[in-house]
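K.L.:
Got protein.cif for you, mmCIF, C-alpha atoms; chains and numbers go by the auth columns:
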data_work
loop_
_atom_site.group_PDB
_atom_site.id
_atom_site.type_symbol
_atom_site.label_atom_id
_atom_site.label_comp_id
_atom_site.label_asym_id
_atom_site.label_seq_id
_atom_site.Cartn_x
_atom_site.Cartn_y
_atom_site.Cartn_z
_atom_site.B_iso_or_equiv
_atom_site.auth_seq_id
_atom_site.auth_asym_id
ATOM 1 C CA MET A 1 7.686 81.970 40.483 0.00 1283 A
ATOM 2 C CA VAL A 2 7.092 80.016 43.704 0.00 1284 A
ATOM 3 C CA GLU A 3 3.810 80.757 45.451 0.00 1285 A
ATOM 4 C CA TYR A 4 3.867 80.111 49.195 0.00 1286 A
ATOM 5 C CA ALA A 5 2.058 81.004 52.408 0.00 1287 A
ATOM 6 C CA ARG A 6 3.890 82.743 55.265 0.00 1288 A
ATOM 7 C CA GLU A 7 2.465 82.292 58.742 0.00 1289 A
ATOM 8 C CA SER A 8 1.372 85.700 60.041 0.00 1290 A
ATOM 9 C CA SER A 9 -0.418 84.709 63.291 0.00 1291 A
ATOM 10 C CA HIS A 10 -1.335 81.648 65.316 0.00 1292 A
ATOM 11 C CA THR A 11 -3.622 80.655 68.165 0.00 1293 A
ATOM 12 C CA ASP A 12 -2.748 77.522 70.126 0.00 1294 A
ATOM 13 C CA GLY A 13 -5.961 75.888 71.349 0.00 1295 A
ATOM 14 C CA ALA A 14 -4.493 72.487 72.166 0.00 1296 A
ATOM 15 C CA GLY A 15 -5.616 71.091 75.512 0.00 1297 A
ATOM 16 C CA ILE A 16 -7.266 68.259 77.367 0.00 1298 A
ATOM 17 C CA GLN A 17 -10.941 67.808 76.641 0.00 1299 A
ATOM 18 C CA ALA A 18 -12.906 68.950 79.698 0.00 1300 A
ATOM 19 C CA ALA A 19 -15.539 66.202 79.474 0.00 1301 A
ATOM 20 C CA GLU A 20 -17.374 64.006 77.021 0.00 1302 A
ATOM 21 C CA SER A 21 -19.481 65.898 74.481 0.00 1303 A
ATOM 22 C CA VAL A 22 -17.670 69.163 75.327 0.00 1304 A
ATOM 23 C CA ALA A 23 -16.141 70.945 72.354 0.00 1305 A
ATOM 24 C CA LYS A 24 -12.385 70.640 71.983 0.00 1306 A
ATOM 25 C CA GLY A 25 -10.136 73.690 71.847 0.00 1307 A
ATOM 26 C CA GLU A 26 -9.880 75.333 68.449 0.00 1308 A
ATOM 27 C CA SER A 27 -6.543 76.477 67.085 0.00 1309 A
ATOM 28 C CA GLY A 28 -6.038 79.063 64.393 0.00 1310 A
ATOM 29 C CA LEU A 29 -3.396 79.926 61.838 0.00 1311 A
ATOM 30 C CA GLY A 30 -3.225 83.113 59.796 0.00 1312 A
ATOM 31 C CA PHE A 31 -1.309 83.268 56.514 0.00 1313 A
ATOM 32 C CA GLU A 32 -0.292 85.800 53.911 0.00 1314 A
ATOM 33 C CA LEU A 33 0.203 84.714 50.308 0.00 1315 A
ATOM 34 C CA LEU A 34 3.645 85.602 48.957 0.00 1316 A
ATOM 35 C CA TYR A 35 5.691 84.936 45.845 0.00 1317 A
ATOM 36 C CA SER A 36 9.371 84.188 45.466 0.00 1318 A
ATOM 37 C CA PRO A 37 10.895 84.490 41.964 0.00 1319 A
ATOM 38 C CA VAL A 38 13.033 81.665 40.629 0.00 1320 A
ATOM 39 C CA ARG A 39 16.471 83.074 39.872 0.00 1321 A
ATOM 40 C CA THR A 40 19.112 81.766 37.473 0.00 1322 A
ATOM 41 C CA LEU A 41 22.709 81.564 38.689 0.00 1323 A
ATOM 42 C CA ALA A 42 25.252 81.063 35.931 0.00 1324 A
ATOM 43 C CA THR A 43 28.856 81.550 34.862 0.00 1325 A
ATOM 44 C CA TRP A 44 30.924 80.499 31.860 0.00 1326 A
ATOM 45 C CA LEU A 45 34.418 80.572 30.442 0.00 1327 A
ATOM 46 C CA PRO A 46 35.983 80.053 27.010 0.00 1328 A
ATOM 47 C CA ALA A 47 38.344 77.210 26.132 0.00 1329 A
ATOM 48 C CA SER A 48 39.915 75.864 22.964 0.00 1330 A
ATOM 49 C CA THR A 49 38.642 72.566 21.601 0.00 1331 A
ATOM 50 C CA GLN A 50 42.253 71.424 21.189 0.00 1332 A
ATOM 51 C CA ILE A 51 43.157 71.790 24.848 0.00 1333 A
ATOM 52 C CA LEU A 52 39.996 70.002 25.941 0.00 1334 A
ATOM 53 C CA ALA A 53 40.700 67.151 23.500 0.00 1335 A
ATOM 54 C CA ASP A 54 44.397 66.897 24.388 0.00 1336 A
ATOM 55 C CA ALA A 55 43.958 67.227 28.165 0.00 1337 A
ATOM 56 C CA PRO A 56 40.728 65.460 29.215 0.00 1338 A
ATOM 57 C CA ALA A 57 41.568 65.922 32.897 0.00 1339 A
ATOM 58 C CA LEU A 58 41.531 69.689 32.381 0.00 1340 A
ATOM 59 C CA GLN A 59 37.882 69.638 31.333 0.00 1341 A
ATOM 60 C CA SER A 60 36.969 67.816 34.544 0.00 1342 A
ATOM 61 C CA TYR A 61 38.948 70.380 36.551 0.00 1343 A
ATOM 62 C CA ILE A 62 37.245 73.300 34.780 0.00 1344 A
ATOM 63 C CA ASN A 63 33.816 71.765 35.366 0.00 1345 A
ATOM 64 C CA SER A 64 34.458 71.335 39.083 0.00 1346 A
ATOM 65 C CA ARG A 65 35.805 74.886 39.427 0.00 1347 A
ATOM 66 C CA LEU A 66 32.793 76.407 37.640 0.00 1348 A
ATOM 67 C CA LEU A 67 30.431 74.461 39.881 0.00 1349 A
ATOM 68 C CA TYR A 68 32.415 75.667 42.888 0.00 1350 A
ATOM 69 C CA PHE A 69 32.101 79.302 41.726 0.00 1351 A
ATOM 70 C CA LEU A 70 28.367 78.715 41.315 0.00 1352 A
ATOM 71 C CA GLY A 71 28.102 77.197 44.784 0.00 1353 A
ATOM 72 C CA LEU A 72 29.870 80.166 46.388 0.00 1354 A
ATOM 73 C CA LYS A 73 27.493 82.600 44.691 0.00 1355 A
ATOM 74 C CA GLU A 74 24.478 80.491 45.697 0.00 1356 A
ATOM 75 C CA GLU A 75 25.650 80.455 49.323 0.00 1357 A
ATOM 76 C CA HIS A 76 26.065 84.225 49.273 0.00 1358 A
ATOM 77 C CA GLU A 77 22.600 84.766 47.793 0.00 1359 A
ATOM 78 C CA ILE A 78 20.933 82.397 50.274 0.00 1360 A
ATOM 79 C CA LEU A 79 22.538 84.186 53.207 0.00 1361 A
ATOM 80 C CA SER A 80 22.904 87.800 52.133 0.00 1362 A
ATOM 81 C CA GLY A 81 20.744 88.344 49.045 0.00 1363 A
ATOM 82 C CA THR A 82 19.059 91.738 49.334 0.00 1364 A
ATOM 83 C CA GLY A 83 15.987 90.968 47.208 0.00 1365 A
ATOM 84 C CA VAL A 84 16.786 94.070 45.148 0.00 1366 A
ATOM 85 C CA GLY A 85 16.819 93.643 41.378 0.00 1367 A
ATOM 86 C CA VAL A 86 17.509 90.014 40.472 0.00 1368 A
ATOM 87 C CA GLU A 87 18.994 89.023 43.856 0.00 1369 A
ATOM 88 C CA LEU A 88 17.350 86.462 46.090 0.00 1370 A
ATOM 89 C CA SER A 89 15.761 87.752 49.268 0.00 1371 A
ATOM 90 C CA GLY A 90 18.152 85.984 51.636 0.00 1372 A
ATOM 91 C CA LEU A 91 17.973 84.660 55.178 0.00 1373 A
ATOM 92 C CA ILE A 92 19.699 87.683 56.725 0.00 1374 A
ATOM 93 C CA THR A 93 17.433 90.105 54.880 0.00 1375 A
ATOM 94 C CA ASN A 94 14.346 88.383 56.291 0.00 1376 A
ATOM 95 C CA ALA A 95 15.649 87.491 59.768 0.00 1377 A
ATOM 96 C CA THR A 96 14.546 89.006 63.060 0.00 1378 A
ATOM 97 C CA ALA A 97 17.065 91.291 64.780 0.00 1379 A
ATOM 98 C CA PHE A 98 18.900 89.918 67.815 0.00 1380 A
ATOM 99 C CA ASN A 99 17.727 91.475 71.077 0.00 1381 A
ATOM 100 C CA THR A 100 20.903 93.134 72.355 0.00 1382 A
ATOM 101 C CA ALA A 101 19.217 94.259 75.579 0.00 1383 A
ATOM 102 C CA VAL A 102 19.824 90.812 77.098 0.00 1384 A
ATOM 103 C CA VAL A 103 23.606 90.950 76.574 0.00 1385 A
ATOM 104 C CA ASN A 104 25.996 91.843 79.388 0.00 1386 A
ATOM 105 C CA THR A 105 28.700 93.597 77.384 0.00 1387 A
ATOM 106 C CA THR A 106 31.240 93.435 80.219 0.00 1388 A
ATOM 107 C CA THR A 107 31.128 89.679 80.802 0.00 1389 A
ATOM 108 C CA ASP A 108 29.421 87.886 77.916 0.00 1390 A
ATOM 109 C CA THR A 109 31.653 86.108 75.380 0.00 1391 A
ATOM 110 C CA TYR A 110 30.852 85.116 71.802 0.00 1392 A
ATOM 111 C CA ILE A 111 29.540 81.817 73.170 0.00 1393 A
ATOM 112 C CA ASP A 112 27.197 83.620 75.576 0.00 1394 A
ATOM 113 C CA VAL A 113 25.828 85.807 72.769 0.00 1395 A
ATOM 114 C CA LEU A 114 25.072 82.777 70.608 0.00 1396 A
ATOM 115 C CA GLY A 115 23.379 81.081 73.569 0.00 1397 A
ATOM 116 C CA LEU A 116 21.136 84.117 74.027 0.00 1398 A
ATOM 117 C CA ALA A 117 20.315 84.158 70.308 0.00 1399 A
ATOM 118 C CA ILE A 118 19.353 80.484 70.497 0.00 1400 A
ATOM 119 C CA SER A 119 16.964 81.289 73.364 0.00 1401 A
ATOM 120 C CA GLN A 120 15.404 84.103 71.323 0.00 1402 A
ATOM 121 C CA CYS A 121 14.996 81.784 68.333 0.00 1403 A
ATOM 122 C CA ALA A 122 13.316 79.164 70.544 0.00 1404 A
ATOM 123 C CA GLU A 123 10.661 81.727 71.491 0.00 1405 A
ATOM 124 C CA SER A 124 9.214 81.188 68.004 0.00 1406 A
ATOM 125 C CA LEU A 125 8.330 77.664 69.256 0.00 1407 A
ATOM 126 C CA PHE A 126 10.474 76.243 66.459 0.00 1408 A
ATOM 127 C CA GLN A 127 13.498 74.233 67.594 0.00 1409 A
ATOM 128 C CA PRO A 128 16.794 75.959 66.604 0.00 1410 A
ATOM 129 C CA ASP A 129 18.988 73.619 64.595 0.00 1411 A
ATOM 130 C CA GLY A 130 21.949 75.612 63.294 0.00 1412 A
ATOM 131 C CA ILE A 131 24.356 78.543 63.599 0.00 1413 A
ATOM 132 C CA VAL A 132 26.132 80.395 60.780 0.00 1414 A
ATOM 133 C CA VAL A 133 29.242 82.451 61.564 0.00 1415 A
ATOM 134 C CA ASN A 134 32.223 83.868 59.737 0.00 1416 A
ATOM 135 C CA PRO A 135 35.243 81.482 59.822 0.00 1417 A
ATOM 136 C CA LYS A 136 37.313 84.144 61.631 0.00 1418 A
ATOM 137 C CA ASP A 137 34.710 84.375 64.391 0.00 1419 A
ATOM 138 C CA TRP A 138 34.523 80.589 64.626 0.00 1420 A
ATOM 139 C CA SER A 139 38.301 80.551 65.088 0.00 1421 A
ATOM 140 C CA ARG A 140 37.954 83.124 67.896 0.00 1422 A
ATOM 141 C CA ILE A 141 35.358 80.931 69.605 0.00 1423 A
ATOM 142 C CA GLN A 142 37.604 77.881 69.358 0.00 1424 A
ATOM 143 C CA ARG A 143 40.456 79.847 70.941 0.00 1425 A
ATOM 144 C CA ILE A 144 38.554 81.101 74.006 0.00 1426 A
ATOM 145 C CA LYS A 145 40.575 80.243 77.152 0.00 1427 A
ATOM 146 C CA THR A 146 40.203 80.396 80.889 0.00 1428 A
ATOM 147 C CA THR A 147 42.157 83.149 82.605 0.00 1429 A
ATOM 148 C CA SER A 148 43.210 80.985 85.547 0.00 1430 A
ATOM 149 C CA THR A 149 44.701 77.965 83.737 0.00 1431 A
ATOM 150 C CA ASN A 150 44.906 79.264 80.157 0.00 1432 A
ATOM 151 C CA GLU A 151 43.072 76.194 78.874 0.00 1433 A
ATOM 152 C CA TYR A 152 40.868 76.068 75.822 0.00 1434 A
ATOM 153 C CA ILE A 153 37.270 75.714 76.941 0.00 1435 A
ATOM 154 C CA PHE A 154 35.770 74.734 73.606 0.00 1436 A
ATOM 155 C CA SER A 155 37.849 71.656 72.797 0.00 1437 A
ATOM 156 C CA ASP A 156 41.277 70.086 72.901 0.00 1438 A
ATOM 157 C CA PRO A 157 43.218 71.415 69.879 0.00 1439 A
ATOM 158 C CA HIS A 158 45.113 68.117 69.747 0.00 1440 A
ATOM 159 C CA SER A 159 41.954 66.184 68.890 0.00 1441 A
ATOM 160 C CA ALA A 160 39.335 66.566 66.210 0.00 1442 A
ATOM 161 C CA ALA A 161 36.077 68.160 67.289 0.00 1443 A
ATOM 162 C CA GLY A 162 32.921 68.631 65.301 0.00 1444 A
ATOM 163 C CA ASN A 163 31.586 72.080 64.531 0.00 1445 A
ATOM 164 C CA GLN A 164 28.965 72.246 67.267 0.00 1446 A
ATOM 165 C CA LEU A 165 27.994 74.755 69.928 0.00 1447 A
ATOM 166 C CA TRP A 166 25.175 74.539 72.467 0.00 1448 A
ATOM 167 C CA GLY A 167 24.240 71.242 70.798 0.00 1449 A
ATOM 168 C CA LEU A 168 23.684 72.880 67.385 0.00 1450 A
ATOM 169 C CA SER A 169 25.636 72.460 64.168 0.00 1451 A
ATOM 170 C CA VAL A 170 27.873 75.414 63.291 0.00 1452 A
ATOM 171 C CA LEU A 171 28.478 76.379 59.657 0.00 1453 A
ATOM 172 C CA PRO A 172 31.465 78.697 59.122 0.00 1454 A
ATOM 173 C CA SER A 173 30.808 80.651 55.920 0.00 1455 A
ATOM 174 C CA TRP A 174 32.734 83.451 54.216 0.00 1456 A
ATOM 175 C CA SER A 175 29.352 84.750 53.030 0.00 1457 A
ATOM 176 C CA MET A 176 28.593 85.730 56.629 0.00 1458 A
ATOM 177 C CA PRO A 177 30.046 89.175 57.474 0.00 1459 A
ATOM 178 C CA GLU A 178 32.732 89.106 60.164 0.00 1460 A
ATOM 179 C CA SER A 179 31.518 89.712 63.736 0.00 1461 A
ATOM 180 C CA GLN A 180 27.948 88.792 62.789 0.00 1462 A
ATOM 181 C CA PHE A 181 25.928 85.600 63.121 0.00 1463 A
ATOM 182 C CA LEU A 182 22.696 83.886 62.151 0.00 1464 A
ATOM 183 C CA VAL A 183 20.886 81.407 64.403 0.00 1465 A
ATOM 184 C CA GLY A 184 17.833 79.625 63.080 0.00 1466 A
ATOM 185 C CA ALA A 185 15.368 76.783 62.959 0.00 1467 A
ATOM 186 C CA PHE A 186 16.344 76.376 59.324 0.00 1468 A
ATOM 187 C CA SER A 187 14.561 73.078 58.650 0.00 1469 A
ATOM 188 C CA MET A 188 11.154 74.626 59.456 0.00 1470 A
ATOM 189 C CA ALA A 189 11.587 78.376 58.980 0.00 1471 A
ATOM 190 C CA CYS A 190 12.626 78.355 55.326 0.00 1472 A
ATOM 191 C CA ALA A 191 12.895 76.241 52.190 0.00 1473 A
ATOM 192 C CA LEU A 192 15.208 76.212 49.180 0.00 1474 A
ATOM 193 C CA TRP A 193 13.586 75.283 45.872 0.00 1475 A
ATOM 194 C CA ASP A 194 15.915 73.664 43.332 0.00 1476 A
ATOM 195 C CA ARG A 195 14.119 74.220 40.031 0.00 1477 A
ATOM 196 C CA GLN A 196 17.264 73.156 38.183 0.00 1478 A
ATOM 197 C CA GLN A 197 20.240 71.674 39.951 0.00 1479 A
ATOM 198 C CA ALA A 198 23.660 72.841 38.796 0.00 1480 A
ATOM 199 C CA THR A 199 24.625 71.580 35.337 0.00 1481 A
ATOM 200 C CA VAL A 200 27.613 72.084 33.038 0.00 1482 A
ATOM 201 C CA GLU A 201 27.192 72.364 29.261 0.00 1483 A
ATOM 202 C CA VAL A 202 29.691 72.844 26.434 0.00 1484 A
ATOM 203 C CA SER A 203 28.841 74.574 23.163 0.00 1485 A
ATOM 204 C CA ARG A 204 30.656 75.894 20.055 0.00 1486 A
ATOM 205 C CA GLU A 205 27.637 77.954 18.975 0.00 1487 A
ATOM 206 C CA HIS A 206 28.812 81.225 20.474 0.00 1488 A
ATOM 207 C CA SER A 207 29.954 84.201 18.399 0.00 1489 A
ATOM 208 C CA ASP A 208 32.675 83.005 16.006 0.00 1490 A
ATOM 209 C CA TYR A 209 33.830 80.146 18.237 0.00 1491 A
ATOM 210 C CA PHE A 210 33.174 77.470 15.565 0.00 1492 A
ATOM 211 C CA VAL A 211 35.714 78.891 13.103 0.00 1493 A
ATOM 212 C CA ARG A 212 38.195 79.614 15.886 0.00 1494 A
ATOM 213 C CA ASN A 213 38.072 76.109 17.395 0.00 1495 A
ATOM 214 C CA MET A 214 36.774 77.546 20.649 0.00 1496 A
ATOM 215 C CA CYS A 215 33.964 76.454 22.937 0.00 1497 A
ATOM 216 C CA ALA A 216 31.993 77.977 25.781 0.00 1498 A
ATOM 217 C CA ILE A 217 31.636 76.051 29.033 0.00 1499 A
ATOM 218 C CA LEU A 218 28.516 77.101 30.945 0.00 1500 A
ATOM 219 C CA ALA A 219 27.536 76.246 34.531 0.00 1501 A
ATOM 220 C CA GLU A 220 23.979 77.084 35.530 0.00 1502 A
ATOM 221 C CA SER A 221 21.333 76.470 38.189 0.00 1503 A
ATOM 222 C CA ARG A 222 17.862 77.827 38.992 0.00 1504 A
ATOM 223 C CA LEU A 223 16.507 78.238 42.510 0.00 1505 A
ATOM 224 C CA ALA A 224 14.166 80.144 44.776 0.00 1506 A
ATOM 225 C CA LEU A 225 14.155 80.772 48.546 0.00 1507 A
ATOM 226 C CA THR A 226 11.050 81.076 50.721 0.00 1508 A
ATOM 227 C CA ILE A 227 10.888 82.215 54.358 0.00 1509 A
ATOM 228 C CA PHE A 228 7.935 80.902 56.371 0.00 1510 A
ATOM 229 C CA ARG A 229 8.791 82.222 59.856 0.00 1511 A
ATOM 230 C CA PRO A 230 11.186 85.205 60.081 0.00 1512 A
ATOM 231 C CA ASP A 231 11.008 85.090 63.899 0.00 1513 A
ATOM 232 C CA ALA A 232 12.709 81.678 63.773 0.00 1514 A
ATOM 233 C CA LEU A 233 15.784 83.273 62.162 0.00 1515 A
ATOM 234 C CA ILE A 234 17.859 85.531 64.437 0.00 1516 A
ATOM 235 C CA PHE A 235 20.547 87.779 62.970 0.00 1517 A
ATOM 236 C CA GLY A 236 22.879 89.919 65.033 0.00 1518 A
ATOM 237 C CA ALA A 237 26.398 91.045 65.829 0.00 1519 A
ATOM 238 C CA PHE A 238 28.853 90.038 68.507 0.00 1520 A
ATOM 239 C CA LEU A 239 29.062 92.932 70.975 0.00 1521 A
ATOM 240 C CA SER A 240 32.079 91.728 72.924 0.00 1522 A
ATOM 241 C CA ASP A 241 35.659 91.018 71.926 0.00 1523 A
ATOM 242 C CA ARG A 242 36.382 89.073 75.110 0.00 1524 A
ATOM 243 C CA GLU A 243 38.283 85.892 74.305 0.00 1525 A
ATOM 244 C CA GLU A 244 38.931 84.749 77.876 0.00 1526 A
ATOM 245 C CA ILE A 245 36.801 83.909 80.901 0.00 1527 A
#
Starting from the file, lay out its structure as structure tokens.
P.N.:
Amino acid sequence: MVEYARESSHTDGAGIQAAESVAKGESGLGFELLYSPVRTLATWLPASTQILADAPALQSYINSRLLYFLGLKEEHEILSGTGVGVELSGLITNATAFNTAVVNTTTDTYIDVLGLAISQCAESLFQPDGIVVNPKDWSRIQRIKTTSTNEYIFSDPHSAAGNQLWGLSVLPSWSMPESQFLVGAFSMACALWDRQQATVEVSREHSDYFVRNMCAILAESRLALTIFRPDALIFGAFLSDREEI
């Protein structure tokens, strides 16, 4: 269990001292004590000892695939974990809803919506540093064109361009539902606790595996997620399908 304090209120008393011997402005921070359980993510598969001995490269391939499966599940839990049962309470579950009242549904593109979400995130006084979108939506953004010249406005498809928008890094993730997004000040609003980084272990002490020349290959990690400022995480949906301007 990770014990942490979530900021519940703040008073900014910073200012210039009026004169010598005059008291300086007092700031205040309010906190609520919360707990985040450490969860175990794991998966395993059976393999024969003969194949692992005869094909050493296969064991390396299996290890990398199990770690990849584990990483996909971890990414899903960090983003979309519901907090119900043994699931993590993910970023989307704790995020603040995007204010759709500021969107002009007749003119605003996906890029406009993300720009408005960045502005809302900045109101938390934490600097936004990242955007998470579904890969299909990121492809739509990259393909936005002008109506007059039919040119791509995001980048030249003939040259490599980094995944950035409005100066922020963009992470396309299949764990993000299509047509939805998450904008956040991730470095300050939340923290991931690696209690046990992903490991791979091999054992024959499972069921009757010893007499059958079988082994179990187990990949496992332990982690917890804490959210300090939900108002610095903005989750919403794209309200416009416009792909041209």
K.L.:
Identify all residues satisfying the PyMOL selection byres ((chain A and resi 1488) around 12) in the given file; provide them as a VMD selection string.
P.N.:
chain A and resid 1326 to 1329 1484 to 1487 1489 to 1500
K.L.:
Could you list, as JSON, numbers by chain, every residue matched by the PyMOL selection byres ((chain A and resi 1511) around 8) in this structure?
P.N.:
{"A": [1288, 1289, 1470, 1471, 1472, 1509, 1510, 1512, 1513, 1514, 1515]}
K.L.:
Set the distance at 9 Å and use only C-alpha atoms: which residues neighbour Arg1477 in chain A once local chain neighbours fewer than 3 positions away are removed? I'd like the list as JSON, numbers by chain.
P.N.:
{"A": [1320, 1503, 1504, 1505, 1506]}
K.L.:
What lies within 8 Å of Met1458 in chain A using only C-alpha atoms, ignoring chain neighbours under 5 positions off, as a compact mmCIF listing (two decimals) with C-alpha atoms, in the coordinates of the input?
P.N.:
# COMPACT_ATOMS: atom_id res chain seq x y z
CA HIS A 1358 26.06 84.22 49.27
CA LEU A 1361 22.54 84.19 53.21
CA SER A 1362 22.90 87.80 52.13
CA VAL A 1414 26.13 80.40 60.78
CA VAL A 1415 29.24 82.45 61.56
CA ASN A 1416 32.22 83.87 59.74
CA PHE A 1463 25.93 85.60 63.12
K.L.:
For each of A:Leu1311, A:Leu1398, A:Leu1354, A:Ile1435, take the minimum atom-to-atom distance to Asp1294 in chain A, counting only C-alpha atoms, then give the residue where this is smallest.
P.N.:
A:Leu1311
K.L.:
Kindly indicate which residue among A:Asn1376, A:Arg1422, A:Asn1381, A:Phe1436 lies nearest to Gly1518 in chain A, using only C-alpha atoms for the distances.
P.N.:
A:Asn1381
K.L.:
Figure out the distance between CA of Ser1455 in chain A and CA of Val1395 in chain A, please, to one decimal in Å.
P.N.:
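Computing the Euclidean distance for CA of Val1395 in chain A and CA of Ser1455 in chain A yields 18.3 Å.
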K.L.:
Point out the residue among A:Ala1301, A:Leu1334, A:Val1465, A:Ala1473 with the least atom-to-atom distance to Leu1396 in chain A, counting all atoms listed in the file.
P.N.:
A:Val1465
K.L.:
If the PyMOL selection byres ((chain A and resi 1307) around 9) is run on the structure shown, which residues does it catch, given as an mmCIF file with C-alpha atoms, in the coordinates of the input?
P.N.:
data_model
loop_
_atom_site.group_PDB
_atom_site.id
_atom_site.type_symbol
_atom_site.label_atom_id
_atom_site.label_comp_id
_atom_site.auth_asym_id
_atom_site.auth_seq_id
_atom_site.Cartn_x
_atom_site.Cartn_y
_atom_site.Cartn_z
ATOM 1 C CA ASP A 1294 -2.748 77.522 70.126
ATOM 2 C CA GLY A 1295 -5.961 75.888 71.349
ATOM 3 C CA ALA A 1296 -4.493 72.487 72.166
ATOM 4 C CA GLY A 1297 -5.616 71.091 75.512
ATOM 5 C CA ILE A 1298 -7.266 68.259 77.367
ATOM 6 C CA GLN A 1299 -10.941 67.808 76.641
ATOM 7 C CA ALA A 1305 -16.141 70.945 72.354
ATOM 8 C CA LYS A 1306 -12.385 70.640 71.983
ATOM 9 C CA GLU A 1308 -9.880 75.333 68.449
ATOM 10 C CA SER A 1309 -6.543 76.477 67.085
#
K.L.:
Counting all atoms listed in the file, which residue out of A:Thr1429, A:Asn1386, A:Glu1357, A:Ala1467 sits closest to Ser1401 in chain A?
P.N.:
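The shortest atom-to-atom distance to Ser1401 in chain A comes from A:Ala1467.
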K.L.:
Can you pull out the residues contacting Glu1502 in chain A? Cut-off 7 Å, using only C-alpha atoms, and skip same-chain residues under 6 positions away; I want them as a PyMOL selection string.
P.N.:
chain A and resi 1323-1325+1480-1482
K.L.:
Looking at all atoms listed in the file, which of A:Val1368, A:Met1283, A:Ile1516, A:Tyr1317 is the one that sits closest to Gln1402 in chain A?
P.N.:
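Using all atoms listed in the file, the shortest distance to Gln1402 in chain A belongs to A:Ile1516.
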